[in-house]
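Read through the structure below, which is laid out as structure tokens, and then see the notes.
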Amino acid sequence: MTTSTVFSFFQSALPVDWSRPARLFWLAFFLVSILSTANVLAQYQLSGRVQSRQDSVAVNGCSIYLNNGNRTALTDSLGQFSFSNLPDGTYVLHTSCPDFKAARQTVRVAGQNQAVVIRVVSRLETLSEVTVTDKQSDFGFTRMRGVESMGIYEGKKSEVIIPDQLVANLSTNNARQIYARVAGLNIWENEGAGLQLSVGGRGLDPNRSSNFNVRQNGYDISADALGYPESYYTPPIEAVGRIQIVRGAASLQYGTQFGGLLNFVMKKPVLNRKLELTVRQTIGSFGFYNAFTSASGTVGKLSYYTFFQYKKGDGWRPNSHFTNYTAYADIDYRFSENTTLGFDITQMSYLAQQPGGLTDAMFQENPRQSNRERNWFKVNWTMPALHFDHKFNPNNEVNLRVFGLYAYRYSLGFRPNRVASVDDNSERDLIKGDFQNYGAEARYLKRYYVGKQQAVLLVGTRYYHGYNHSIQGLGSTGKDANFTFVDNEQGIASDYHFPNRNVSIFAENILYAGNKLSITPGVRFEYIHTTANGFYGTITRDLAGNIIDATRTNEVRTNGRHFVIGGLGISYKPTAQLDIYGNLSQNYRSITFSDMRIANPSSVIDPNLQDEKGYSLDLGIRSTQTTLYTFDVSAFYLNYNNRIGEVQFYDANDRVLRRRGNIGQAVIMGLESYAEGDFLRLANPGNPHISGVLFANVALIHSTYKASEIAGVVGNQVEFVPNVNLKSGVRLGYKNLKASFQYTYLSDQFSDATNAREGGVSAVIGLIPAYSIMDASLSYQFSRFRLEGSLNNLANRTYFTRRATGYPGPGILPSDGRGLYVTIQVKL
């Protein structure tokens, strides 16, 4: 329609008796009205979706600012937002999301609605040196997102530790400092070098973290995940990017342990440099020396990260010398933006002299003494792994982990039941264990919609083949680390082959009901087949120690079982900064090879030993942001049927022995709380150079044996459960200078189900008295250099956390006294 036609239309539409000026007035009025109406109708909508760049997961509770912040929007559970009634023009969107870095995106609106996708980067990534200020604003502690790294964690109690952001003694893997913000953990400290991590929680035995499913980069690193789940290898914390901990609800995705998941995610290659070299040198008390060197970079589509560590020391007690070597290499090739293939391999070995245990009287007299100089421990760990990740599209992705373990652990020493006995220089007890395991785990993650609500499905399968060859017998009479059996057939006390197989299938699904509520059901099928094939012997000696009789008993034991466990998680987010969560999951733990057969002069094993079963319940409230303040307060209930433990008894010869078997039903409940806040940054939000962080971590736990066929056990407190477990501290920072102070307190705890208080001649059971420890650390960054210092056990308290039943005891194993450590780091 031309302008003349419009004019003719309006001219004919006006009354014929109107004057010409009136007609011109009304014509102008109608034209202005039409143009104004067109201008009003030309309003468009700008909508979008915020996703995690790492795994395309929708980010909920993200604030979106339009231009200078004159208009804002908040993303829903699908990560969606929108702005309406926008005229043509150029707009700038700014994001502010909990646990993600800020992002900025420019959008042009021209004649139609626009939709954008904003991908944000997690704050959990290792930050470069130029972002020191951003590091100071974080606590070094956060938690898993609802969907992260091909795993579902919605409604589960989880923790994530970022070692690079801690002010702590990393060179010695000081677990008391590194895990200080994880509520309820019970940590054994019987050697100050950090060669082995021994953590438990909620009444679970801390011994070599055997009640956790311990992994590195998502694959198993323990000696045998089912038959011998003890972790003799602990990654150097200097090489770890994140430590992920998921409590008992992890049983549905990672296996059936009561403790849950403990996963060490190694540092990833730097993407913007061909070579980045980091060198760390540490010296400390008791002859400690640590050299750590890493190299990382990206060349085209190939990226790599590798390190080598050498560590040695003399120990706080005599006869405690050790040497440790660890090497690691990770090579990744990115075929495309959606497909990556990688390979990593770990090699670790160490040799440690072990000073033996003490009786209660010896500990009171002098905790630094040792009457064992012929006890040795040797470990060699080799772990190759292949990992493949592919994303079909933002809603469908898969990964595959193929892994293996080739390792051995040898223990040698004089370890009579009477700890105070003088070494008679006879043949030493020698145990040699060889492990050859391999497995594969595949996962498929799908995001889909139920109506207008997004849902997330995770399904996976796992195959695991384990093999353990264990021999126990007489070693040499010398003092050196000679791990060969004496040339005497009668000297072999036991020789067993332990093959086992495990097949599992699991699935979990997040279902969202609106923007605030989600329900996550899960199920897991397990097939486990274990075998013990070998013989055990009985040796009789005369008064001079000579062998006068030896008998052998052949034995074949097979145990195959299959079962299904389930769980349900619920999460409710009333606001973007708050999450109310709950989870109920079944748990299962099979008997181990050491439960089936091991020769110990002070212990016997119940031949009718059964697997442990039960369930765990968590209910809590937590914050969803972790930059200025964070908290997590939860109650838990753990029902532990057929709990395996040890009780003391007297045999026919009036000897004090321990019987390992099913104690009964144990119930453990409590309150775990953690809170942390940067009070200086909250008071001075405009000053990014200053930081003052207070944290408190308190676990109040009640435990009892509800049922047992063993006399005198019902009503007793469960072993390894302190009623009060407290860790608190402060961290101060000004620009590149940081300092921290930490206080640790654990109340009394028992070491066996009878709640025995006196250790007697063996000292393997008895009370572990309450103890409190203080630690202080300092860090200063300048240019390419960083200087770190730690003073552990500031008050030089004398205490112990463990009564060992075998190696490296038996008896009380004292913890280290005050020690000073200094580290210098250079990054090129």
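Numbering starts fresh at 1 for the residues of each chain in the structure tokens, the chains themselves are lettered A, B, ... in the order given, and ligands are numbered from 1 as they appear.
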Please build the interface table for region 430-469 of chain A against region 208-230 of chain A with a cut-off of 8 Å, listing for each qualifying residue the nearest atom pair and the distance in Å to one decimal; count only C-alpha atoms, order rows by chain and increasing number, and write it as a Markdown table.
```
| residue | atom | partner | partner_atom | distance |
| --- | --- | --- | --- | --- |
| A:Phe435 | CA | A:Ala223 | CA | 6.5 |
| A:Asn437 | CA | A:Asp224 | CA | 7.1 |
| A:Gly466 | CA | A:Asp224 | CA | 6.2 |
| A:Tyr467 | CA | A:Asp224 | CA | 7.7 |
| A:Asn468 | CA | A:Asp224 | CA | 7.7 |
```
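If you look at CA of Arg784 (chain A) and CA of Thr293 (chain A), they are 14.7 Å away from each other.
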Nearest to Gly733 (chain A) by atom-to-atom distance, counting only C-alpha atoms, from A:Val450, A:Leu778, A:Ala183, A:Val117 =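 Among the listed residues, the smallest separation from Gly733 (chain A) belongs to A:Leu778.
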Skipping near chain neighbours, those fewer than 6 positions away, what residues fall within 9 Å of region 686-697 of chain A using only C-alpha atoms, listed as a PyMOL selection string?
-> chain A and resi 133-134+136-137+139+180-184+628-629+672-680+725-736+738
Same residues, N, CA, C and O atoms, saved as a CSV table (one decimal), in the first residue's frame:
```csv
chain,number,residue,atom,x,y,z
A,133,THR,N,44.2,-13.3,43.7
A,133,THR,CA,43.1,-12.7,44.5
A,133,THR,C,41.9,-13.6,44.5
A,133,THR,O,41.2,-13.7,45.5
A,134,ASP,N,41.6,-14.2,43.3
A,134,ASP,CA,40.4,-15.1,43.3
A,134,ASP,C,40.6,-16.3,44.1
A,134,ASP,O,39.7,-16.8,44.8
A,136,GLN,N,42.3,-16.4,47.0
A,136,GLN,CA,42.1,-16.0,48.4
A,136,GLN,C,40.6,-15.9,48.8
A,136,GLN,O,40.3,-16.0,49.9
A,137,SER,N,39.7,-15.7,47.8
A,137,SER,CA,38.3,-15.6,48.2
A,137,SER,C,37.7,-16.9,48.3
A,137,SER,O,36.5,-17.0,48.8
A,139,PHE,N,37.7,-21.1,49.9
A,139,PHE,CA,38.1,-21.7,51.1
A,139,PHE,C,38.9,-23.0,50.8
A,139,PHE,O,39.4,-23.6,51.8
A,180,ALA,N,40.5,-31.4,57.2
A,180,ALA,CA,40.0,-30.7,58.4
A,180,ALA,C,38.5,-30.3,58.3
A,180,ALA,O,37.8,-30.2,59.3
A,181,ARG,N,38.1,-29.9,57.1
A,181,ARG,CA,36.8,-29.4,56.9
A,181,ARG,C,35.7,-30.5,56.6
A,181,ARG,O,34.6,-30.2,56.3
A,182,VAL,N,36.1,-31.7,56.5
A,182,VAL,CA,35.2,-32.9,56.3
A,182,VAL,C,34.7,-33.4,57.7
A,182,VAL,O,35.5,-33.9,58.4
A,183,ALA,N,33.4,-33.2,57.9
A,183,ALA,CA,32.9,-33.5,59.3
A,183,ALA,C,32.9,-35.0,59.5
A,183,ALA,O,32.6,-35.8,58.7
A,184,GLY,N,33.4,-35.3,60.8
A,184,GLY,CA,33.2,-36.7,61.3
A,184,GLY,C,34.3,-37.7,60.9
A,184,GLY,O,34.2,-38.8,61.3
A,628,LEU,N,32.0,-16.5,50.0
A,628,LEU,CA,32.1,-15.7,51.2
A,628,LEU,C,31.8,-16.4,52.4
A,628,LEU,O,32.3,-16.2,53.5
A,629,TYR,N,30.8,-17.4,52.3
A,629,TYR,CA,30.4,-18.2,53.5
A,629,TYR,C,29.9,-19.5,53.0
A,629,TYR,O,29.4,-19.6,51.8
A,672,GLU,N,26.5,-33.9,62.2
A,672,GLU,CA,27.7,-33.4,61.6
A,672,GLU,C,27.5,-32.0,61.1
A,672,GLU,O,26.5,-31.7,60.4
A,673,SER,N,28.3,-31.0,61.6
A,673,SER,CA,28.1,-29.6,61.2
A,673,SER,C,29.4,-29.0,60.7
A,673,SER,O,30.5,-29.3,61.3
A,674,TYR,N,29.3,-28.2,59.7
A,674,TYR,CA,30.5,-27.5,59.2
A,674,TYR,C,30.1,-26.1,58.8
A,674,TYR,O,29.0,-25.9,58.1
A,675,ALA,N,30.8,-25.1,59.2
A,675,ALA,CA,30.5,-23.7,58.8
A,675,ALA,C,31.8,-22.9,58.6
A,675,ALA,O,32.8,-23.2,59.4
A,676,GLU,N,31.8,-22.1,57.6
A,676,GLU,CA,33.0,-21.3,57.3
A,676,GLU,C,32.6,-20.0,56.7
A,676,GLU,O,31.7,-19.9,55.9
A,677,GLY,N,33.3,-18.9,57.1
A,677,GLY,CA,32.9,-17.6,56.6
A,677,GLY,C,34.2,-16.7,56.6
A,677,GLY,O,35.0,-16.7,57.5
A,678,ASP,N,34.2,-15.8,55.5
A,678,ASP,CA,35.3,-14.9,55.4
A,678,ASP,C,34.8,-13.6,56.1
A,678,ASP,O,34.2,-12.7,55.4
A,679,PHE,N,35.0,-13.4,57.4
A,679,PHE,CA,34.5,-12.3,58.1
A,679,PHE,C,35.1,-10.9,57.7
A,679,PHE,O,34.4,-9.9,57.7
A,680,LEU,N,36.3,-10.9,57.2
A,680,LEU,CA,36.9,-9.7,56.8
A,680,LEU,C,36.4,-9.2,55.5
A,680,LEU,O,36.2,-8.1,55.2
A,725,ASN,N,34.1,-35.0,67.9
A,725,ASN,CA,35.1,-34.8,66.9
A,725,ASN,C,35.1,-33.4,66.4
A,725,ASN,O,34.2,-33.0,65.6
A,726,LEU,N,36.1,-32.6,66.8
A,726,LEU,CA,36.1,-31.2,66.6
A,726,LEU,C,37.4,-30.8,65.8
A,726,LEU,O,38.5,-31.2,66.2
A,727,LYS,N,37.2,-30.0,64.8
A,727,LYS,CA,38.3,-29.3,64.1
A,727,LYS,C,37.9,-27.9,63.8
A,727,LYS,O,36.8,-27.7,63.2
A,728,SER,N,38.7,-26.9,64.2
A,728,SER,CA,38.3,-25.5,63.9
A,728,SER,C,39.6,-24.8,63.7
A,728,SER,O,40.7,-25.2,64.0
A,729,GLY,N,39.5,-23.5,63.1
A,729,GLY,CA,40.7,-22.8,62.9
A,729,GLY,C,40.4,-21.4,62.2
A,729,GLY,O,39.2,-21.1,62.0
A,730,VAL,N,41.4,-20.7,61.9
A,730,VAL,CA,41.3,-19.4,61.2
A,730,VAL,C,42.4,-19.3,60.2
A,730,VAL,O,43.5,-19.9,60.3
A,731,ARG,N,42.1,-18.6,59.1
A,731,ARG,CA,43.1,-18.4,58.0
A,731,ARG,C,43.0,-16.9,57.7
A,731,ARG,O,41.9,-16.3,57.4
A,732,LEU,N,44.2,-16.2,57.8
A,732,LEU,CA,44.3,-14.8,57.5
A,732,LEU,C,45.1,-14.6,56.2
A,732,LEU,O,46.1,-15.3,56.0
A,733,GLY,N,44.7,-13.6,55.4
A,733,GLY,CA,45.4,-13.4,54.2
A,733,GLY,C,45.4,-11.9,53.8
A,733,GLY,O,44.5,-11.2,54.0
A,734,TYR,N,46.6,-11.4,53.4
A,734,TYR,CA,46.8,-10.1,52.9
A,734,TYR,C,47.6,-10.1,51.6
A,734,TYR,O,48.8,-10.5,51.7
A,735,LYS,N,46.9,-9.8,50.5
A,735,LYS,CA,47.6,-9.9,49.2
A,735,LYS,C,48.1,-11.4,49.0
A,735,LYS,O,47.4,-12.3,49.0
A,736,ASN,N,49.4,-11.5,48.9
A,736,ASN,CA,50.0,-12.8,48.7
A,736,ASN,C,50.5,-13.5,49.9
A,736,ASN,O,51.2,-14.6,49.8
A,738,LYS,N,49.6,-15.5,53.4
A,738,LYS,CA,48.5,-16.3,54.1
A,738,LYS,C,49.0,-17.0,55.3
A,738,LYS,O,50.2,-17.5,55.2
```
Among the residues A:Ala115, A:Ala804, A:Ile152, A:Ile162, the one that comes closest to Gly766 (chain A) [using only C-alpha atoms] =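 Using only C-alpha atoms, Gly766 (chain A) sits closest to A:Ala804.
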Within 8 Å of Ala291 (chain A) using only C-alpha atoms, minus same-chain residues under 3 positions, as a list of chain:residue names | A:Val279, A:Arg280, A:Gln281, A:Thr282, A:Gln309, A:Tyr310, A:Lys311
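Ranking A:Ser47, A:Asn793, A:Ser421, A:Thr823 by their shortest atom-to-atom distance to Gly192 (chain A), with only C-alpha atoms included, puts A:Asn793 first.
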Just give me the gap between CA of Tyr333 (chain A) and CA of Phe388 (chain A) in Å, one decimal is fine.
->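 We find that CA of Tyr333 (chain A) and CA of Phe388 (chain A) lie 9.8 Å from each other.
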Find the residues around Gly111 (chain A) up to 10 Å (only C-alpha atoms counted), leave out those fewer than 5 positions away in its own chain, and share them as a list in words.
->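 Neighbouring residues, sequence-local ones excluded: Ala42, Gln43, Tyr44, Pro87, Asp88 and Gly89 of chain A.
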Preceding selection exported with C-alpha atoms as an mmCIF file, in the first residue's frame:
```
data_model
loop_
_atom_site.group_PDB
_atom_site.id
_atom_site.type_symbol
_atom_site.label_atom_id
_atom_site.label_comp_id
_atom_site.auth_asym_id
_atom_site.auth_seq_id
_atom_site.Cartn_x
_atom_site.Cartn_y
_atom_site.Cartn_z
ATOM 1 C CA ALA A 42 8.264 -4.097 18.000
ATOM 2 C CA GLN A 43 9.272 -5.444 21.439
ATOM 3 C CA TYR A 44 11.198 -8.715 21.476
ATOM 4 C CA PRO A 87 13.475 -3.054 21.497
ATOM 5 C CA ASP A 88 16.072 -3.598 18.781
ATOM 6 C CA GLY A 89 19.609 -3.052 19.978
#
```
CA of Leu74 (chain A) to CA of Gln45 (chain A), distance in Å rounded to a single decimal = 15.5 Å
Write out as a PyMOL selection string each polymer residue whose atoms come within 12 Å of Gln577 (chain A), counting only C-alpha atoms; drop sequence neighbours fewer than 3 positions from it.
-> chain A and resi 60-63+74+97-99+516+572-574+580+621-631
Write out as a list in words the residues lying within 9 Å of Tyr410 (chain A), counting only C-alpha atoms and excluding same-chain residues fewer than 3 positions away.
-> Trp376, Phe377, Lys378, Val379, Leu430, Ile431, Lys432, Gly433, Asp434 and Phe483 of chain A
